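Undergrad: Have a look at the structure that comes next, please.
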Amino acid sequence: MDFSLSEEQEMFRNYVRKSLADFEGTQVARKYLVGDVNALTEAQASLTELGCPSLNIPEQYDGMGLGALDLVPIYEEAGAVLLPGLMLETWSFASPLIQKYGTDQQKQDFLPKIASGEITFSIAWLEPESSYRPAGVQVTAQGGKLNGKKILVPDAAIADYFIVVARSTEGREEAGVSLVIMPASDASIQPQLNIDSTRKVAAVVLNEVAFDQSQLLGEVDQGWSALQEGLLSFNAALSSMIVGSLDRIVTTVTDYANIREQFGQPIGRFQAIKHRIVEMKMDLETARSLAHYANWAYETHAEDRVQAVFSARIFCTDAFNRVAAHSVQIHGGIGFTEELDCHLYVKRARFYENYLGSTEQYYEETAKALGW
Amino acid sequence: MDFSLSEEQEMFRNYVRKSLADFEGTQVARKYLVGDVNALTEAQASLTELGCPSLNIPEQYDGMGLGALDLVPIYEEAGAVLLPGLMLETWSFASPLIQKYGTDQQKQDFLPKIASGEITFSIAWLEPESSYRPAGVQVTAQGGKLNGKKILVPDAAIADYFIVVARSTEGREEAGVSLVIMPASDASIQPQLNIDSTRKVAAVVLNEVAFDQSQLLGEVDQGWSALQEGLLSFNAALSSMIVGSLDRIVTTVTDYANIREQFGQPIGRFQAIKHRIVEMKMDLETARSLAHYANWAYETHAEDRVQAVFSARIFCTDAFNRVAAHSVQIHGGIGFTEELDCHLYVKRARFYENYLGSTEQYYEETAKALGW
Amino acid sequence: MDFSFTPEEEAFRLELRSWLEENLPEGWVDGGSNLEKDSKEYELFLRDWQRKLHDGGWAAIAWPEKYGGKNASLMQEIVYHQEMVRVGAPPLVNYVGLHMVAPTLMHIGTEEQREKYIEKILTGEEVWCQGYSEPNAGSDVAAIQTAAVKQGDKWIINGQKVWTSFGHMADKCFLVTRTNKFEKKHKGITCFLLDMHQEGVETVPIIQMDGEHDFNEVYLNDAIATDAEIVGEVDEGWRVIIALLMHERTGIGAQVFTLEKQFNELVELAKTLKEDGVPVIEKQMVRKNMVDLYMKSRGSLLNYYRNLTKALKNGQPGAEGSMDKLLVSELTKELFANSISLQGHQGVLWKEDAVAKDSYWQDQYLYSFGQTIGGGTSEIQKNTIAERILGLPKDMGR
Amino acid sequence: MDFSFTPEEEAFRLELRSWLEENLPEGWVDGGSNLEKDSKEYELFLRDWQRKLHDGGWAAIAWPEKYGGKNASLMQEIVYHQEMVRVGAPPLVNYVGLHMVAPTLMHIGTEEQREKYIEKILTGEEVWCQGYSEPNAGSDVAAIQTAAVKQGDKWIINGQKVWTSFGHMADKCFLVTRTNKFEKKHKGITCFLLDMHQEGVETVPIIQMDGEHDFNEVYLNDAIATDAEIVGEVDEGWRVIIALLMHERTGIGAQVFTLEKQFNELVELAKTLKEDGVPVIEKQMVRKNMVDLYMKSRGSLLNYYRNLTKALKNGQPGAEGSMDKLLVSELTKELFANSISLQGHQGVLWKEDAVAKDSYWQDQYLYSFGQTIGGGTSEIQKNTIAERILGLPKDMGR
C-alpha cells in the first residue's frame, strides 16, 4: 500500500514549480487576460523544455512513455497559477484519444508534434441552444463537408487543431456521431466573451469545410463512445488542475489570516475564520485524494474508473466554487478587488463548473457506473 | 402594515404559557413517553379551561369564532414543551374540514364536542408499502364497509375518531377517494413503535367496518381535494408548533453557552459556538415569519396561500432537524444523554419531517402553486 | 396582523409613481442607460437625476419640512423604496449626504454647519462621500490611524481611506480621523467635514472583481480643515459615528425589495431559458433550488416587515437590522450563484455574449461577493446579533 | 502509487478470516446476538470473546512478541481492522486495556506494573476503563478536578468521572487525578491504575439518546490507591496522557472501514426499499445524495490511506489523524441522517417495526450524534488541524 506520488513524480513537480516560478504567480494568466500571449508562449516553452507535453506519449512517438499519474504534479502546479492554454485538452484529451483510436498515420502525424509542444488541440462540441447530450450534436459531417456552428470552443485562437464532434448520420442518438480532426485554420473563428478571461472561448463557424476519411478519429458514427473515453482522461486531469488551485488558495488565505490583524488579533485567531480555513483544507485534501485516485484508476484501468473519475470531477468543481468564494470573504474588502488574485480563482471555478460536461450529467453518469 | 400578533393574541399566549408552566417543561411529554397519559389529560384539561379547542370554532357551535392566527401562540407554546396529543389533528385538520365540508348534522355532532375538548380526531391515511400519493390509497370504502389496513396513524389509542382516507371507487387517481369519519372503537388498533415516543403511532386494521352515508366528510369520491384543503390549515398550524420548539431550543442553548465554561471561557465566547447559535436564531426567526404569514394567508384566503403554507412547512421541518442537531452538538456529551431534552427535539423533528405529506411532495406542490 | 397599506400610503405611492414615469429618462425601466460607471457623463447624469428628484420634492422625503423634506413616515419611506426598486431608479449620487451627513448635522451639527451644507446636499450641488475604512481598519473601524494635528488655527490631516463610494465624484467628505493617539481606541477620534477640492486630497479608483469602479482610495497628504468643520467635539467622534449610523431608519429596505425583484427576474430566466428545448424550470433540481430561494427570500422580506413593525411600535429600529443585513446579503450571493449554475454551460458567457442582455447575471454574481463584506461583514453581523440580541459574550479584543 | 496488499499481508488476512469463521458465534455475521447491552450476559459474552481472541493469538497483534503479541506491522493492523469490520466482530471489552493502558505500561510503566497488569489485560482477566472526562472537563481535559491526596502511604481519591465506557464491566481504571492544585493547569496531574472493586468506587450508568447504555459516571468517594499504582511521576501525568494517546497507531481505521461498509449497506437499502413500487434509488434526489455520500466516503477512505502512507514512511502518525476523525465522524452523521430521510414516512418506525431489522438505521442515526462529540468534538478537531497542520494562531484560553 502506497498512496502517494513517487519520488520521481515529486521531483518532477519541483522542476515544474521552479520553472513556473520565473513567471511570478498568476502573471501569465493576467497577461493572457489582456490579450498578451507572449508570456504564455514562454511559459509553455519552459514546460516543453522539461518534456511535459511528451510525458504520456509512447517512446516510439518521441514521448517518455509515462502515464496519467505522471502528469498530476504538472497539472497541480499549473492550476496553482491558473496557467491558461490548451494543456488539458491537448495532453489529456486529444493525445490519449489519438493513442487509442487514431490510425497509424494519425499517430505519426500528431503524437510527435504534441510531444515536442509544436501543436495544440481544442474541442468543438457545444452548439447554440443545445446541451452536452447526443441530441445536441447537429453540426453535420456528411458528404466530405462539415457544416454548422460550434460555440464555447476553448482557446480557439491559439489552437492548431479542433476535434469536432459532428453528426455523420442524422439523428439525436449516440450512434451517428463522429469525431473529426480539423485544422483550426479551416474554420471561421468568432470570439465569445467569457467570465474567466484567462481562458478564451469562441464560436467556430463551419461552412462547407472539406474533410476526408483520414481526418476521422476512430470509426465513423462511433465517435460518442470515443468521446466518453476521452472525458475520462480529461476529467482526471482537470481534477488535478483544480487541486493545484485549491492548494494555492488555502496557502494564500492561511498566510493572510496569520498576518492580517483586526481587533488586535490576527484574524486567523477568530474561529469564524480559523474553522472556515480548516473546512477549505478538508475540501482540498479530499479533492486531492479523489483526484490522485482518479488518475490512478484511469491509468490502471481499474474497475471503478468511471465512477472514480466522474465523482472526482464533481467534487473538485464543487469544492473549487466553494473554496474560491470563501477566500474572497476571508480576505474581506481587498479580496473583492481586481488587484488580488481571489477573483481569478472565482472565475476559473465557474469556467470549469460545466466545462466539457455538466455537473448534472456527471452525477447521473456516476450513479449509472455504480450500477444504480 | 402590522406584521405582528395582536395584543389579545399575545395576552392569550401568556395565559397558555402560565398554564403549561405548571407541568414543568417537557414533563407531560416524558410521562406520555413511558405510557402515563394522566399528565397529558391534565394539561389538555387546562388548555380546554382556557378555551383553546373552541378558539377557531364558530360561535353557533359553542366556539369563539376566531381563526388560525389566534391558534398560533397556543401552538408555539405547546411546541416549546413538545406537548403530545392530537391538537393539530383535531383543531387544525378535522375541525376546519368539518366546518367547510361537513353536513349540518356533522357540524352539530362534532364541533361543540371539539370546542369543549370532549373529542379528538386522528388521521388514517398511509398504508403499508404505499406513499402519500393518491395511488397509495387502497383501503376500500365500498358497499358500506371499510376494508384494509392503515399505518402510522397518530395517537390512535387516545383518538375518539379517525378521518379515514379511503377509496370509494377503485383506481389510482385522485378521483374516487373519500373521507370517512369513523369512531376509533370500530377498528382494531395495533401499536407501532416510533422513534419519537412522545407521539404514538399505530396500524389500524379495518375489517368489514360498517359505515353509512352520514359518515362521509364531503362529497363521495371527492375526498382528495378536501384532504388538500385540510392540509393547508394543518401545515400552517404545524409550522407554528415547530416555531415553538425552535424558540425553546434557541433559548436553552443560549443559556447553556453563557454558563458552561471550558478553557476558562463561557463556550458562547468561541465563535464556532457563538455564530452557530446565531444561525439557529436566524432559522428560528425566518421560520417564525414564514409560519405567521402562512397562518395569515390561510385565514385571509390570500392568493399565495398554497405556496405560503407549503413552503413554510418545508422550511420549518428542515430547520427543526438542523437546529435540534446543532443543539446536541453545542451541549456536547450531556446533550447526548437521555437526561437532557435535546434528544426529544431531535426525535420530534424527524417525526414531523414526513408527517402527513413528504418533503419531496411539498416541494413539488409549492412549485406548482407558483405556476412553475 | 395586517399587510395592507393605508389609502394615504397608496395615494403617496401613486403620486411618486406618476412622477417617476414622467421624469425617468426614456427607456430607463427597460434596460437603463449605457453610461460607463466611471465616466464624467455618468456623473453628470447622476447629478442631474438628483437635481430632478429635488425639484420634484423627492430627494429627501424623510427630512423635516423646514429643511426641504416631506417629513415622511416610516411607511412612506417603505413605499418610496418599493417604487424606486420597481423602476430600477438610478443610484443616488448624494446618498451619503442625504441619508447620513445631513440628518447628523440636523441632530448634532452647529447652526452654521446646517446653513452651510444642508441646502447644497439637498440640491445635489455638493456631493458627499464618507471617509471611514482604512487599509488596517476594516471590520475594526475604531482602529483608524489617519491623523489630524492642530497647527495654529488649522488641522493638518495625513493618512489613507479606502472603500470610499462616490469618492471620485464627491465635493465633500465626512472624514473620521484620530486626533489623540494616547487615548483608548474608541477615544481620540474626531469627525471633519472635509473639502475634497484641495491639493492635499487625492482620489484613486479601486477596480473591483467585476471590473467596475464604485469605490476609491483617498490619500490625504497635509489636507487642511478648520475648527468650523468639526462635527461634535474634538476627540469625541465615536459618538458622532454611532449617531450617524442610527439615522438609517428603514435599514436595508431597498436591498430587501431589490432581492424580491431579482428573485422574480430569476424565475423568468428559468422559465425562458431552455436546454434541449425544455425550459430549465422543469428540471427537478432547478425546481428545488428555486423553491428554496423562494422561501428564503420570502423569509427575509417577512422578517424585514416584522422588524419594521417593531420599529413602528418602538419609534426606533433595534439591532434586528443586523439580522436583515445578514440574511439579505447572504441570500443575494446565493441567488446569483444559483443564477449562474442554472444557465449551465452558458453561465460563463460574458457581456454582450451572455444569455441575458449586458450579462446582468454575471455582473451581479461577481458584484454580490461584496455584499457580505461591505457595510460590515457577515462575521461582524453575527457578532452583533450574538451579543446585542442573544446576549452572548463579547469576542476577544472587542 | 500502489493500492495492493503484499502476498504476506493477504496470507495474514486469510489466516484471520478463517479463524474468525471458525470462532465467531453461529449466525453472528447475519445479525449478531440479541444480547441486551447492559446485561450481565452481554458482559460474559464479551469477556468470553476476548478470551477466545487471546487463545487464537488475535487479541493484541501489534504488541511485541515477548508480551504475547504478534509484533504486527501497520499494514497487518489495517488488514485486521478490515476483517473485523467485514464480519462485524463483537466490540473489544478490553479495548482500553489492550490499546491504551498496556502499550503505555510497556513504554513508561515500572517492571512490577508490567508484570502485574499486562498478562491479565491480554487474557481479559482484568478489564480496563479510562477515567478522563469530568462534568467540568470535557473538551478541556486539563481542567479535571478529581483530587488525589496522600495520607500516610495511601492516596485518597475524591471526585467524579463521566463518559467511562465499559466502566460497569471494568476491574481496573486508568484514572487521571489532580494532585497539586497550585500548579498550572497542565501540571499537578497524576495518573493512577485504580482498582475498581473497592468501596469508594461507584458506577452509575448514563443512558444515551438512543436509549442504550455504553457509558457510565464513576463516583470516587475516598477511593484508595498506592504509590505502586502511579504511572510515571507524581504531578507529571499530562505527559502520560499524551503518550497514551500516541499509542493509537492506526487511528480511526476501524471507523473508516465501518463507514465504507455502512455506505454499501445504505446502497442496498436504497435499492430494495420501494415507494409506490419503485426502488427509492431511482429518485433523482436520492441518486444525487447517494453520489454525494459515495464521493465523500471514498474521499475519507482515500484520505486515510494517504495519511497512512505518510505514517508508514515517517514511522509515526501525525496530526492528520484529526482530519480523519473530523471527516469520518461528520460523514457518519450525514450518512445516517440521510438514511432516515431516504425511508420517507417509514423513517420514524422504531425497533421491531422499523424497515430494517432491529431498527439498525434509527439506532445508528441516534448513536451517530455522539460521533462528533466523543473522542474530541469536531470543534476541537478543527482547532487541532488549524493550529498543528495549518499553523494558525492558538485559541484564547488554550
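Following the order of the C-alpha cells, first chain is A, next is B, and so on, with residues numbered from 1 inside each chain and ligands from 1 in the order they appear.
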List the neighbours of stretch 31-48 of chain C out to 8 Å using only C-alpha atoms; skip same-chain residues closer than 4 positions along the sequence, and give me the result as a ChimeraX atom specification.
TA: /C:27,52,90-93,124,169,212-214
Undergrad: Show me, as an MDAnalysis selection string, the residues that have an atom within 9 Å of A:Gln105 when counting only C-alpha atoms, minus same-chain residues fewer than 4 positions from it.
TA: chainID A and resid 109:110 214
Undergrad: Mind dumping the selected residues with N, CA, C and O atoms as a compact mmCIF listing (two decimals), in the first residue's frame?
TA:
# COMPACT_ATOMS: atom_id res chain seq x y z
N ASP A 109 1.47 11.51 -37.50
CA ASP A 109 1.30 12.94 -37.81
C ASP A 109 1.26 13.80 -36.56
O ASP A 109 1.80 14.91 -36.53
N PHE A 110 0.56 13.31 -35.55
CA PHE A 110 0.26 14.21 -34.44
C PHE A 110 1.09 13.98 -33.17
O PHE A 110 1.49 14.93 -32.52
N SER A 214 -9.32 10.42 -43.73
CA SER A 214 -8.11 10.38 -42.91
C SER A 214 -8.22 11.28 -41.68
O SER A 214 -7.44 11.18 -40.75
Undergrad: Nearest to A:Ala291 among A:Gln190, A:Asn235, A:Gln228, A:Gln271, with distances taken over only C-alpha atoms: which residue is it?
TA: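 For A:Ala291, the nearest of the candidates is A:Asn235.
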Undergrad: Write out, as JSON lines, each residue of chain C that has an atom at most 6 Å from chain B, together with the closest pair of atoms and their distance in Å to one decimal, counting only C-alpha atoms, rows going by chain and rising number.
TA:
{"residue": "C:Met1", "atom": "CA", "partner": "B:Phe3", "partner_atom": "CA", "distance": 5.0}
{"residue": "C:Asp2", "atom": "CA", "partner": "B:Asp2", "partner_atom": "CA", "distance": 5.0}
{"residue": "C:Phe3", "atom": "CA", "partner": "B:Met1", "partner_atom": "CA", "distance": 4.8}
{"residue": "C:Ser4", "atom": "CA", "partner": "B:Met1", "partner_atom": "CA", "distance": 5.5}
{"residue": "C:Phe5", "atom": "CA", "partner": "B:Met1", "partner_atom": "CA", "distance": 5.8}
{"residue": "C:Met295", "atom": "CA", "partner": "B:Ser311", "partner_atom": "CA", "distance": 5.9}
{"residue": "C:Gly299", "atom": "CA", "partner": "B:Thr286", "partner_atom": "CA", "distance": 5.1}
{"residue": "C:Leu302", "atom": "CA", "partner": "B:Ser289", "partner_atom": "CA", "distance": 5.6}
{"residue": "C:Asn303", "atom": "CA", "partner": "B:Ser289", "partner_atom": "CA", "distance": 5.7}
{"residue": "C:Arg306", "atom": "CA", "partner": "B:Phe3", "partner_atom": "CA", "distance": 5.2}
{"residue": "C:Thr309", "atom": "CA", "partner": "B:Asp2", "partner_atom": "CA", "distance": 5.6}
{"residue": "C:Lys382", "atom": "CA", "partner": "B:His275", "partner_atom": "CA", "distance": 6.0}
{"residue": "C:Ala386", "atom": "CA", "partner": "B:Val278", "partner_atom": "CA", "distance": 5.9}
{"residue": "C:Leu392", "atom": "CA", "partner": "B:Gly268", "partner_atom": "CA", "distance": 5.9}
{"residue": "C:Pro393", "atom": "CA", "partner": "B:Arg269", "partner_atom": "CA", "distance": 5.2}
Undergrad: Could you find all residues in stretch 48-128 of chain B that DSSP calls strand (DSSP E or B) from the backbone, and write them as an NGL selection string?
TA: :B and (121-124)
Undergrad: Need the shell around C:Arg388: protein/DNA/RNA residues with any atom at most 12 Å away, counting only C-alpha atoms. Skip same-chain ones fewer than 3 positions apart. Format as an MDAnalysis selection string?
TA: (chainID B and resid 278) or (chainID C and resid 318:323 380:385 391:394)
Undergrad: Please identify every residue of chain D that has at least one atom no more than 10 Å from any atom of chain C, counting only C-alpha atoms, and report them as a list of chain:residue names.
TA: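 Listed by rising number, the hits are D:Gln284, D:Met285, D:Lys288, D:Met396.
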Undergrad: I need the residue nearest chain A from this list: B:Leu88, B:Met241, B:Leu340, B:Ala272. Use only C-alpha atoms for the distance.
TA: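 Of all the options, B:Ala272 lies closest to chain A.
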